[in-house]
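Data block for data-v4.txt (compact mmCIF, C-alpha atoms):
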```
# COMPACT_ATOMS: atom_id res chain seq x y z
CA MET A 1 -0.60 -28.61 -8.48
CA ALA A 2 0.15 -31.63 -6.34
CA GLU A 3 1.78 -29.66 -3.52
CA ASP A 4 -1.37 -27.61 -3.09
CA LYS A 5 -3.70 -30.52 -2.57
CA ASN A 6 -3.83 -30.18 1.22
CA ILE A 7 -4.37 -26.45 1.19
CA PRO A 8 -7.98 -25.50 1.78
CA GLN A 9 -9.06 -23.19 -1.04
CA VAL A 10 -11.56 -21.22 0.99
CA MET A 11 -12.26 -17.55 0.62
CA LEU A 12 -10.98 -16.13 3.87
CA PRO A 13 -12.23 -12.91 5.50
CA GLU A 14 -9.99 -10.01 4.48
CA PRO A 15 -8.94 -9.11 8.06
CA THR A 16 -7.69 -12.69 8.53
CA LEU A 17 -5.80 -12.56 5.26
CA ARG A 18 -4.17 -9.33 6.32
CA ARG A 19 -3.07 -10.77 9.65
CA LEU A 20 -1.55 -13.98 8.26
CA PRO A 21 1.53 -12.18 6.80
CA TRP A 22 2.16 -10.66 10.26
CA TYR A 23 2.27 -14.14 11.76
CA LEU A 24 4.51 -15.30 8.93
CA ALA A 25 6.96 -12.41 9.44
CA TYR A 26 7.19 -13.27 13.14
CA VAL A 27 7.59 -17.04 12.80
CA ASN A 28 10.24 -16.49 10.13
CA LEU A 29 12.16 -14.50 12.72
CA LEU A 30 11.80 -17.35 15.24
CA SER A 31 12.80 -19.87 12.59
CA ALA A 32 15.99 -17.89 11.87
CA LYS A 33 16.80 -18.12 15.58
CA ASP A 34 16.23 -21.92 15.51
CA ILE A 35 13.30 -21.70 17.90
CA GLU A 36 11.21 -24.86 17.54
CA TYR A 37 7.82 -24.07 19.09
CA VAL A 38 5.68 -21.00 19.65
CA SER A 39 2.37 -20.60 21.46
CA SER A 40 -0.48 -18.38 20.29
CA THR A 41 0.01 -16.44 23.56
CA GLN A 42 3.58 -15.66 22.56
CA ILE A 43 2.56 -14.61 19.06
CA SER A 44 -0.22 -12.55 20.63
CA LYS A 45 2.20 -10.68 22.87
CA GLU A 46 4.51 -9.92 19.98
CA ILE A 47 1.91 -9.03 17.33
CA ASN A 48 -0.74 -7.41 19.53
CA VAL A 49 -3.61 -9.62 18.32
CA ASP A 50 -5.77 -11.71 20.71
CA ALA A 51 -4.47 -15.26 21.14
CA SER A 52 -7.96 -16.64 20.46
CA GLN A 53 -8.11 -14.67 17.20
CA ILE A 54 -4.74 -16.10 16.16
CA ALA A 55 -5.91 -19.66 16.88
CA LYS A 56 -9.08 -18.98 14.88
CA ASP A 57 -7.16 -17.47 11.95
CA LEU A 58 -4.78 -20.43 11.82
CA SER A 59 -7.61 -22.95 12.05
CA PHE A 60 -8.74 -21.72 8.59
CA LEU A 61 -5.49 -23.23 7.33
CA ASN A 62 -6.06 -26.49 9.24
CA ILE A 63 -3.09 -25.58 11.42
CA LYS A 64 -3.55 -26.58 15.03
CA GLY A 65 -1.16 -26.14 17.94
CA LYS A 66 -0.35 -28.83 20.51
CA THR A 67 -1.56 -28.33 24.07
CA ARG A 68 1.12 -26.78 26.28
CA ILE A 69 3.68 -26.79 23.43
CA GLY A 70 2.06 -24.64 20.80
CA TYR A 71 2.80 -24.53 17.08
CA GLU A 72 5.84 -26.07 15.48
CA VAL A 73 7.62 -23.02 14.04
CA LYS A 74 8.93 -24.54 10.79
CA SER A 75 5.68 -26.20 9.80
CA LEU A 76 3.70 -23.09 10.76
CA ALA A 77 5.97 -20.99 8.51
CA LYS A 78 5.59 -23.48 5.67
CA GLY A 79 1.82 -23.72 6.12
CA LEU A 80 1.47 -19.94 6.03
CA VAL A 81 3.71 -19.37 3.03
CA ASP A 82 1.99 -22.14 1.04
CA PHE A 83 -1.47 -20.91 1.90
CA LEU A 84 -0.64 -17.28 1.13
CA GLY A 85 0.57 -18.24 -2.33
CA PHE A 86 3.96 -16.58 -1.85
CA LYS A 87 5.83 -19.61 -3.18
CA LYS A 88 3.85 -19.83 -6.38
CA ILE A 89 5.03 -17.65 -9.25
CA HIS A 90 2.41 -15.23 -10.59
CA ASN A 91 3.37 -13.69 -13.91
CA THR A 92 2.40 -10.04 -13.85
CA PHE A 93 2.26 -7.09 -16.25
CA MET A 94 2.93 -3.49 -15.23
CA MET A 95 0.45 -1.13 -16.87
CA GLY A 96 2.06 2.31 -16.88
CA VAL A 97 5.80 2.63 -16.41
CA GLY A 98 6.01 6.14 -15.02
CA SER A 99 7.59 6.98 -11.72
CA LEU A 100 5.59 4.53 -9.57
CA GLY A 101 5.45 1.73 -12.15
CA ALA A 102 9.21 1.89 -12.68
CA ALA A 103 9.76 1.93 -8.91
CA LEU A 104 7.63 -1.19 -8.43
CA ILE A 105 9.50 -3.03 -11.19
CA GLN A 106 12.70 -2.27 -9.29
CA ASP A 107 11.39 -3.63 -6.00
CA SER A 108 12.80 -7.15 -5.95
CA GLY A 109 10.84 -7.76 -2.73
CA LEU A 110 7.71 -8.45 -4.78
CA SER A 111 9.28 -11.49 -6.43
CA GLN A 112 10.02 -12.92 -2.99
CA TYR A 113 6.27 -12.88 -2.46
CA GLY A 114 5.52 -14.70 -5.67
CA LEU A 115 4.85 -11.70 -7.90
CA ARG A 116 7.04 -11.75 -11.00
CA ILE A 117 6.73 -8.69 -13.22
CA VAL A 118 7.51 -9.97 -16.73
CA ALA A 119 6.76 -6.92 -18.88
CA GLY A 120 5.75 -3.28 -18.69
CA PHE A 121 3.42 -1.31 -20.97
CA ASP A 122 3.32 2.41 -21.69
CA ILE A 123 2.67 4.89 -24.47
CA ASN A 124 5.80 7.00 -23.93
CA PRO A 125 8.01 6.49 -27.03
CA LYS A 126 11.10 7.31 -24.97
CA ILE A 127 10.83 4.15 -22.89
CA ILE A 128 9.18 1.70 -25.32
CA GLY A 129 11.80 -0.77 -26.46
CA THR A 130 13.95 -0.23 -23.36
CA SER A 131 13.97 -2.37 -20.23
CA ILE A 132 14.18 -1.87 -16.47
CA CYS A 133 15.93 -4.59 -14.44
CA ASP A 134 15.57 -6.87 -17.47
CA VAL A 135 11.82 -6.24 -17.69
CA PRO A 136 11.02 -5.17 -21.29
CA ILE A 137 8.72 -2.20 -21.90
CA PHE A 138 6.23 -2.50 -24.77
CA HIS A 139 3.60 -0.26 -26.31
CA ILE A 140 0.14 -0.69 -24.80
CA SER A 141 -1.24 -1.70 -28.20
CA GLU A 142 0.79 -4.92 -27.90
CA PHE A 143 -0.76 -5.91 -24.58
CA ALA A 144 -2.95 -8.77 -25.80
CA LYS A 145 -0.16 -10.19 -27.99
CA HIS A 146 2.28 -10.40 -25.06
CA GLN A 147 -0.36 -11.73 -22.71
CA GLN A 148 -0.66 -14.75 -25.00
CA GLU A 149 3.10 -15.21 -24.74
CA PHE A 150 3.62 -14.63 -21.00
CA LYS A 151 0.22 -15.84 -19.73
CA ALA A 152 0.23 -13.03 -17.15
CA GLU A 153 -2.79 -13.26 -14.87
CA ILE A 154 -2.18 -10.10 -12.85
CA GLY A 155 -1.99 -6.53 -14.12
CA ILE A 156 -0.65 -3.73 -11.92
CA LEU A 157 -2.36 -0.44 -12.71
CA ALA A 158 -0.03 2.54 -12.33
CA VAL A 159 -1.21 4.96 -15.02
CA PRO A 160 -2.45 8.57 -14.55
CA VAL A 161 -5.96 8.78 -13.08
CA GLU A 162 -7.49 10.02 -16.33
CA ASN A 163 -6.41 6.82 -18.11
CA ALA A 164 -7.17 4.39 -15.28
CA GLN A 165 -10.47 2.98 -16.59
CA GLU A 166 -9.34 2.75 -20.21
CA ALA A 167 -6.11 0.97 -19.22
CA THR A 168 -8.11 -1.42 -17.04
CA ASP A 169 -10.42 -2.26 -19.94
CA ILE A 170 -7.41 -2.99 -22.17
CA MET A 171 -5.95 -5.32 -19.55
CA ILE A 172 -9.17 -7.24 -19.07
CA LYS A 173 -9.78 -7.53 -22.79
CA GLY A 174 -6.20 -8.78 -23.01
CA GLY A 175 -6.87 -11.66 -20.62
CA ILE A 176 -5.86 -10.35 -17.18
CA LYS A 177 -7.70 -12.00 -14.25
CA ALA A 178 -6.75 -9.63 -11.41
CA VAL A 179 -6.01 -5.91 -11.29
CA TRP A 180 -3.76 -4.50 -8.57
CA ASN A 181 -4.86 -0.87 -8.63
CA TYR A 182 -2.28 1.65 -7.38
CA THR A 183 -4.23 4.66 -8.64
CA PRO A 184 -6.65 6.57 -6.40
CA PHE A 185 -9.33 6.02 -9.07
CA ARG A 186 -12.23 3.62 -8.46
CA ILE A 187 -12.02 1.41 -11.50
CA ARG A 188 -14.94 -0.78 -12.60
CA VAL A 189 -14.42 -4.41 -13.63
CA PRO A 190 -16.67 -7.36 -14.52
CA GLU A 191 -17.63 -9.64 -11.64
CA ASN A 192 -15.20 -12.41 -12.54
CA ILE A 193 -12.20 -10.09 -12.23
CA VAL A 194 -10.38 -9.59 -8.90
CA ILE A 195 -9.54 -6.03 -7.82
CA GLN A 196 -7.06 -5.15 -5.12
CA ASN A 197 -6.90 -1.44 -4.36
CA THR A 198 -3.62 -0.24 -2.86
CA SER A 199 -3.75 3.49 -2.77
CA ILE A 200 -0.61 4.46 -0.93
CA TYR A 201 -1.70 8.09 -1.19
CA ALA A 202 -4.89 7.31 0.73
CA HIS A 203 -2.68 5.91 3.48
CA LEU A 204 -0.83 9.22 3.49
CA ALA A 205 -4.14 11.02 4.04
CA VAL A 206 -4.86 8.86 7.10
CA MET A 207 -1.35 9.42 8.48
CA TYR A 208 -1.45 13.21 7.99
CA ASN A 209 -4.82 13.41 9.72
CA ARG A 210 -3.63 11.39 12.71
CA MET A 211 -0.53 13.61 12.95
CA GLU A 212 -2.65 16.77 13.04
CA ALA A 213 -4.94 15.22 15.65
CA LYS A 214 -1.97 14.47 17.94
CA LYS A 215 -0.48 17.98 17.72
CA MET B 1 -0.53 28.36 9.39
CA ALA B 2 -2.99 31.06 8.40
CA GLU B 3 -4.34 29.21 5.37
CA ASP B 4 -5.37 26.30 7.55
CA LYS B 5 -7.52 28.29 9.92
CA ASN B 6 -10.80 27.28 8.34
CA ILE B 7 -9.98 23.62 8.13
CA PRO B 8 -11.59 21.58 10.89
CA GLN B 9 -8.85 19.60 12.64
CA VAL B 10 -11.02 16.69 13.63
CA MET B 11 -9.91 13.11 13.77
CA LEU B 12 -11.93 11.52 10.98
CA PRO B 13 -12.95 7.84 10.80
CA GLU B 14 -10.42 5.91 8.75
CA PRO B 15 -12.95 4.69 6.13
CA THR B 16 -13.90 8.33 5.46
CA LEU B 17 -10.26 9.34 5.15
CA ARG B 18 -9.69 6.54 2.69
CA ARG B 19 -12.65 7.60 0.55
CA LEU B 20 -11.74 11.30 0.36
CA PRO B 21 -8.81 10.71 -2.06
CA TRP B 22 -11.23 8.84 -4.39
CA TYR B 23 -13.49 11.90 -4.49
CA LEU B 24 -10.46 14.10 -5.08
CA ALA B 25 -9.21 11.97 -7.97
CA TYR B 26 -12.63 12.16 -9.59
CA VAL B 27 -13.23 15.90 -9.13
CA ASN B 28 -9.72 16.60 -10.45
CA LEU B 29 -10.78 14.80 -13.61
CA LEU B 30 -13.93 16.94 -13.85
CA SER B 31 -11.90 20.06 -13.18
CA ALA B 32 -9.54 19.21 -16.03
CA LYS B 33 -12.60 18.98 -18.29
CA ASP B 34 -13.78 22.42 -17.07
CA ILE B 35 -16.93 20.98 -15.54
CA GLU B 36 -18.26 23.43 -12.94
CA TYR B 37 -20.68 21.49 -10.75
CA VAL B 38 -21.10 17.90 -9.64
CA SER B 39 -23.82 16.26 -7.54
CA SER B 40 -23.23 13.59 -4.92
CA THR B 41 -25.41 11.32 -7.07
CA GLN B 42 -23.00 11.76 -9.97
CA ILE B 43 -19.98 11.11 -7.75
CA SER B 44 -21.80 8.11 -6.32
CA LYS B 45 -22.39 6.63 -9.76
CA GLU B 46 -18.76 7.06 -10.73
CA ILE B 47 -17.13 5.97 -7.45
CA ASN B 48 -19.62 3.32 -6.33
CA VAL B 49 -20.21 4.82 -2.87
CA ASP B 50 -23.69 5.76 -1.59
CA ALA B 51 -24.60 9.40 -2.29
CA SER B 52 -25.65 9.85 1.34
CA GLN B 53 -22.28 8.54 2.49
CA ILE B 54 -20.51 11.01 0.22
CA ALA B 55 -22.56 13.91 1.59
CA LYS B 56 -21.76 12.76 5.13
CA ASP B 57 -18.04 12.39 4.40
CA LEU B 58 -17.87 15.86 2.87
CA SER B 59 -19.81 17.42 5.73
CA PHE B 60 -16.83 16.57 8.00
CA LEU B 61 -14.92 19.12 5.92
CA ASN B 62 -17.72 21.68 6.20
CA ILE B 63 -18.30 21.25 2.47
CA LYS B 64 -21.97 21.42 1.51
CA GLY B 65 -23.52 21.15 -1.91
CA LYS B 66 -26.26 23.44 -3.24
CA THR B 67 -29.73 22.02 -3.75
CA ARG B 68 -30.29 20.90 -7.35
CA ILE B 69 -26.81 22.12 -8.42
CA GLY B 70 -24.46 20.11 -6.25
CA TYR B 71 -20.88 20.88 -5.35
CA GLU B 72 -18.75 23.47 -7.09
CA VAL B 73 -15.97 21.34 -8.61
CA LYS B 74 -13.04 23.71 -8.13
CA SER B 75 -13.80 24.56 -4.52
CA LEU B 76 -14.52 20.90 -3.73
CA ALA B 77 -11.12 19.96 -5.15
CA LYS B 78 -9.43 22.71 -3.17
CA GLY B 79 -11.29 21.81 0.03
CA LEU B 80 -10.29 18.17 -0.31
CA VAL B 81 -6.65 18.78 -1.12
CA ASP B 82 -6.28 21.27 1.75
CA PHE B 83 -8.00 19.00 4.23
CA LEU B 84 -6.01 15.95 3.18
CA GLY B 85 -2.75 17.80 3.74
CA PHE B 86 -1.47 17.07 0.23
CA LYS B 87 -0.44 20.71 -0.33
CA LYS B 88 1.63 20.94 2.85
CA ILE B 89 5.21 19.71 2.62
CA HIS B 90 6.08 16.93 5.06
CA ASN B 91 9.82 16.34 5.36
CA THR B 92 10.40 12.62 5.54
CA PHE B 93 13.29 10.22 6.16
CA MET B 94 13.63 6.83 4.49
CA MET B 95 14.81 4.21 6.95
CA GLY B 96 16.37 1.41 4.94
CA VAL B 97 17.42 2.04 1.35
CA GLY B 98 17.25 -1.47 -0.05
CA SER B 99 15.11 -2.41 -3.00
CA LEU B 100 11.79 -1.04 -1.71
CA GLY B 101 13.27 2.03 0.01
CA ALA B 102 15.17 3.02 -3.13
CA ALA B 103 12.04 2.45 -5.22
CA LEU B 104 9.95 4.73 -2.99
CA ILE B 105 12.60 7.47 -3.15
CA GLN B 106 12.30 7.31 -6.94
CA ASP B 107 8.52 7.63 -6.91
CA SER B 108 8.03 11.32 -7.56
CA GLY B 109 4.28 10.80 -7.07
CA LEU B 110 4.75 10.96 -3.30
CA SER B 111 5.96 14.55 -3.45
CA GLN B 112 2.79 15.49 -5.33
CA TYR B 113 0.93 14.34 -2.23
CA GLY B 114 3.02 16.43 0.13
CA LEU B 115 5.58 13.81 1.13
CA ARG B 116 9.12 15.01 0.52
CA ILE B 117 11.82 12.42 1.19
CA VAL B 118 14.87 14.47 2.20
CA ALA B 119 17.34 11.76 3.24
CA GLY B 120 17.79 8.02 3.42
CA PHE B 121 19.50 5.93 6.10
CA ASP B 122 21.12 2.52 5.82
CA ILE B 123 24.06 0.48 7.13
CA ASN B 124 25.29 -0.75 3.74
CA PRO B 125 28.73 0.89 3.20
CA LYS B 126 28.27 0.60 -0.58
CA ILE B 127 25.43 3.14 -0.64
CA ILE B 128 26.31 5.44 2.29
CA GLY B 129 27.62 8.71 0.89
CA THR B 130 25.81 8.22 -2.42
CA SER B 131 22.46 9.69 -3.39
CA ILE B 132 19.32 8.61 -5.26
CA CYS B 133 17.41 11.30 -7.18
CA ASP B 134 19.37 13.91 -5.17
CA VAL B 135 18.33 12.32 -1.86
CA PRO B 136 21.52 11.73 0.18
CA ILE B 137 22.04 8.39 1.95
CA PHE B 138 23.59 8.50 5.44
CA HIS B 139 24.61 5.91 8.02
CA ILE B 140 21.85 5.11 10.51
CA SER B 141 24.08 6.29 13.37
CA GLU B 142 23.68 9.84 12.01
CA PHE B 143 19.88 9.77 12.14
CA ALA B 144 19.38 12.09 15.13
CA LYS B 145 21.95 14.57 13.83
CA HIS B 146 20.21 14.92 10.47
CA GLN B 147 16.76 15.03 12.04
CA GLN B 148 17.86 18.22 13.82
CA GLU B 149 18.89 19.63 10.48
CA PHE B 150 15.91 18.56 8.32
CA LYS B 151 13.20 18.53 11.02
CA ALA B 152 11.70 15.43 9.40
CA GLU B 153 8.50 14.40 11.16
CA ILE B 154 7.80 11.22 9.20
CA GLY B 155 9.99 8.14 8.93
CA ILE B 156 9.30 5.47 6.31
CA LEU B 157 10.26 2.03 7.57
CA ALA B 158 11.62 -0.21 4.80
CA VAL B 159 14.24 -2.35 6.56
CA PRO B 160 14.36 -6.16 6.83
CA VAL B 161 11.81 -7.60 9.29
CA GLU B 162 14.48 -8.61 11.79
CA ASN B 163 15.57 -4.97 12.17
CA ALA B 164 12.11 -3.40 12.07
CA GLN B 165 11.67 -2.74 15.80
CA GLU B 166 15.24 -1.56 16.38
CA ALA B 167 15.07 0.83 13.41
CA THR B 168 11.72 2.15 14.68
CA ASP B 169 13.21 2.83 18.12
CA ILE B 170 16.10 4.75 16.53
CA MET B 171 13.68 6.88 14.52
CA ILE B 172 11.52 7.72 17.51
CA LYS B 173 14.54 8.50 19.70
CA GLY B 174 15.70 10.70 16.83
CA GLY B 175 12.53 12.81 16.93
CA ILE B 176 10.22 11.23 14.35
CA LYS B 177 6.48 11.74 15.03
CA ALA B 178 4.97 9.27 12.56
CA VAL B 179 6.15 5.94 11.18
CA TRP B 180 4.95 4.74 7.78
CA ASN B 181 5.61 1.02 8.14
CA TYR B 182 6.14 -0.87 4.87
CA THR B 183 7.38 -4.03 6.60
CA PRO B 184 5.02 -6.89 7.46
CA PHE B 185 6.25 -6.63 11.08
CA ARG B 186 3.97 -5.29 13.80
CA ILE B 187 6.14 -2.58 15.32
CA ARG B 188 5.44 -1.13 18.74
CA VAL B 189 5.55 2.62 19.37
CA PRO B 190 4.69 4.95 22.26
CA GLU B 191 1.16 6.34 22.32
CA ASN B 192 2.10 9.78 21.03
CA ILE B 193 3.57 8.36 17.82
CA VAL B 194 1.42 7.78 14.72
CA ILE B 195 1.75 4.46 12.87
CA GLN B 196 0.51 3.82 9.37
CA ASN B 197 0.91 0.24 8.23
CA THR B 198 1.12 -0.26 4.47
CA SER B 199 2.03 -3.82 3.88
CA ILE B 200 1.82 -4.20 0.13
CA TYR B 201 2.67 -7.89 0.56
CA ALA B 202 -0.42 -8.38 2.72
CA HIS B 203 -2.44 -6.95 -0.17
CA LEU B 204 -0.85 -9.57 -2.40
CA ALA B 205 -2.07 -12.28 -0.02
CA VAL B 206 -5.64 -10.97 -0.29
CA MET B 207 -5.43 -10.78 -4.09
CA TYR B 208 -3.98 -14.30 -4.48
CA ASN B 209 -6.70 -15.74 -2.25
CA ARG B 210 -9.47 -14.04 -4.22
CA MET B 211 -7.94 -15.30 -7.47
CA GLU B 212 -7.94 -18.89 -6.20
CA ALA B 213 -11.52 -18.53 -5.00
CA LYS B 214 -12.66 -17.41 -8.48
CA LYS B 215 -10.98 -20.27 -10.32
```
Entire entry expressed as structure tokens:
Amino acid sequence: MAEDKNIPQVMLPEPTLRRLPWYLAYVNLLSAKDIEYVSSTQISKEINVDASQIAKDLSFLNIKGKTRIGYEVKSLAKGLVDFLGFKKIHNTFMMGVGSLGAALIQDSGLSQYGLRIVAGFDINPKIIGTSICDVPIFHISEFAKHQQEFKAEIGILAVPVENAQEATDIMIKGGIKAVWNYTPFRIRVPENIVIQNTSIYAHLAVMYNRMEAKK
Amino acid sequence: MAEDKNIPQVMLPEPTLRRLPWYLAYVNLLSAKDIEYVSSTQISKEINVDASQIAKDLSFLNIKGKTRIGYEVKSLAKGLVDFLGFKKIHNTFMMGVGSLGAALIQDSGLSQYGLRIVAGFDINPKIIGTSICDVPIFHISEFAKHQQEFKAEIGILAVPVENAQEATDIMIKGGIKAVWNYTPFRIRVPENIVIQNTSIYAHLAVMYNRMEAKK
């Protein structure tokens, strides 16, 4: 894609990648208030990350501030959003349309971050053939067929734990390049496949423990 | 609570806390298959975590395996679920009932992990007075009043970024002890308040970057 030609395609450290959306959220706020420039010191104060770390993180994106003035807010926002891939549309399949899968399909926020869920897959005859927010639900056996049609690269895994590995294998065989795993199960994938684990229940465990510790 | 008296209330390292739900998911699978014992080597093979690390993690919970036999599956599952707090009910308020907030209310999986959403709060007159899955939606101005009634200790933050700090302040003033932050904004809270950041959009950024790197 022509618009991507200036974006360095380096593999960034995960902590940096996790901080970049914080910076983006903050500069979007500034942008909405028509503020033109922001220094790393200001971002640092607001976000609670060292100013030197911020400058280092942004240098990965070839974004440099001007001495005494700082970063131009609009171009910083644009640089971040382009780099993070939030403007590019990623066709995505939902594997498992139970409670969590259905909830994620209904979260329109994901599409604002470039993730477009185009179809869901399940084995429950009650929901196959229906749709949620215009997203059609198919039987899992039709996964590969629809992948050819939609060219989905990402598969969200939201099936029961006991089916997690089998469902993953079906997705990969069907042509998926990245698995966003919402189950607490440690799935195994070939080396060329990307895994992102997002176990919201593991986050609950951390929160509960911290709450007990502060009692 | 009497049943908790044998559970060590230590503040565990976050990486350990994040691994414990993986072990739980796996031993629940074994339990469903009526398997009685499991060794840390077996867990290690399945979960891809060093056996010595597993033994260390479990020792925090005073759970020890027997030489040559390993851990008793049922008591390991019970020990994990008790320690993780998934059996205890945590009354929770949803702050912001837009797309993501409504989706989380509909995810019945959370209640299986001890998180019971008892009310939602918003400023949108179209949804105030309605309910989602029997969870009533109130105006934000009534937060403190309902906190007195429900004794909710956890507040899930799912408002737009520009309102994130203000909504957090209202929750804390209203008596909330822990904030589960789903926004990409870095909220500030007093020291006695627990924060758990779960920015699913930051996870997207990591996944997109890894996908580009593998192309």
Report task. Write out as a ChimeraX atom specification the residues lying within 6 Å of stretch 153-166 of chain A, counting all atoms listed in the file and excluding same-chain residues fewer than 4 positions away. Result -> /A:92-96,101,176-183,185,187
Query raised in the report: Can you list, as a list in words, every protein, DNA or RNA residue that comes within 9 Å of A:His146 when you count only C-alpha atoms, leaving out same-chain residues fewer than 5 positions away?
Result: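 Counting only the stated atoms, we get Ala119, Phe138, Lys151, Ala152 and Gly174 of chain A.
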Report task. Return as JSON, numbers by chain the residues belonging to chain B that are within 6 Å of chain A, counting all atoms listed in the file. Result -> {"B": [11, 17, 18, 21, 22, 47, 84, 99, 100, 103, 107, 184, 185, 186, 196, 202, 205, 206, 207, 213]}
Query - For atom CA of B:Gly70 and atom CA of B:Lys56, the interatomic separation in Å (one decimal) - result: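 Atom CA of B:Lys56 lies 13.8 Å from atom CA of B:Gly70.
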Query raised in the report: In Å to one decimal, how far is atom CA of B:Glu142 from atom CA of B:Gly120?
Result: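 Calculated distance between atom CA of B:Gly120 and atom CA of B:Glu142 is 10.6 Å.
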Query - Length of the atom CA of A:Leu76 to atom CA of A:Val27 vector [Å] - result: 7.5 Å
Query raised in the report: Skipping near chain neighbours, those fewer than 5 positions away, what residues fall within 9 Å of A:Val73 using all atoms listed in the file, listed as a ChimeraX atom specification?
Result: /A:27-28,30-31,34-38,78
Take stretch 83-88 of chain B, bring it up to all heavy atoms, and give me the output as a compact mmCIF listing (two decimals), in the frame of the given file.
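What follows is the written file selection_19.txt:
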```
# COMPACT_ATOMS: atom_id res chain seq x y z
N PHE B 83 -7.70 19.83 3.07
CA PHE B 83 -8.00 19.00 4.23
C PHE B 83 -7.07 17.81 4.32
O PHE B 83 -6.59 17.43 5.39
CB PHE B 83 -9.45 18.52 4.21
CG PHE B 83 -9.77 17.70 5.42
CD1 PHE B 83 -10.13 18.32 6.61
CD2 PHE B 83 -9.67 16.31 5.39
CE1 PHE B 83 -10.39 17.56 7.75
CE2 PHE B 83 -9.92 15.56 6.52
CZ PHE B 83 -10.28 16.18 7.70
N LEU B 84 -6.81 17.17 3.18
CA LEU B 84 -6.01 15.95 3.18
C LEU B 84 -4.53 16.21 3.46
O LEU B 84 -3.77 15.28 3.71
CB LEU B 84 -6.19 15.20 1.85
CG LEU B 84 -7.58 14.58 1.66
CD1 LEU B 84 -7.77 14.11 0.22
CD2 LEU B 84 -7.78 13.41 2.62
N GLY B 85 -4.14 17.47 3.41
CA GLY B 85 -2.75 17.80 3.74
C GLY B 85 -1.79 17.57 2.59
O GLY B 85 -0.58 17.58 2.77
N PHE B 86 -2.33 17.38 1.38
CA PHE B 86 -1.47 17.07 0.23
C PHE B 86 -0.69 18.29 -0.27
O PHE B 86 0.24 18.16 -1.05
CB PHE B 86 -2.29 16.48 -0.92
CG PHE B 86 -2.85 15.10 -0.64
CD1 PHE B 86 -3.94 14.63 -1.37
CD2 PHE B 86 -2.29 14.27 0.31
CE1 PHE B 86 -4.47 13.36 -1.14
CE2 PHE B 86 -2.81 13.01 0.56
CZ PHE B 86 -3.90 12.54 -0.18
N LYS B 87 -1.13 19.50 0.15
CA LYS B 87 -0.44 20.71 -0.33
C LYS B 87 0.68 21.12 0.62
O LYS B 87 1.53 21.94 0.29
CB LYS B 87 -1.43 21.88 -0.43
CG LYS B 87 -2.27 21.87 -1.68
CD LYS B 87 -1.52 22.44 -2.88
CE LYS B 87 -2.40 22.40 -4.12
NZ LYS B 87 -1.73 21.89 -5.29
N LYS B 88 0.63 20.60 1.83
CA LYS B 88 1.63 20.94 2.85
C LYS B 88 2.83 20.02 2.65
O LYS B 88 2.65 18.84 2.36
CB LYS B 88 0.97 20.71 4.22
CG LYS B 88 1.67 21.35 5.38
CD LYS B 88 0.87 21.11 6.65
CE LYS B 88 1.80 21.07 7.84
NZ LYS B 88 1.11 20.71 9.08
```
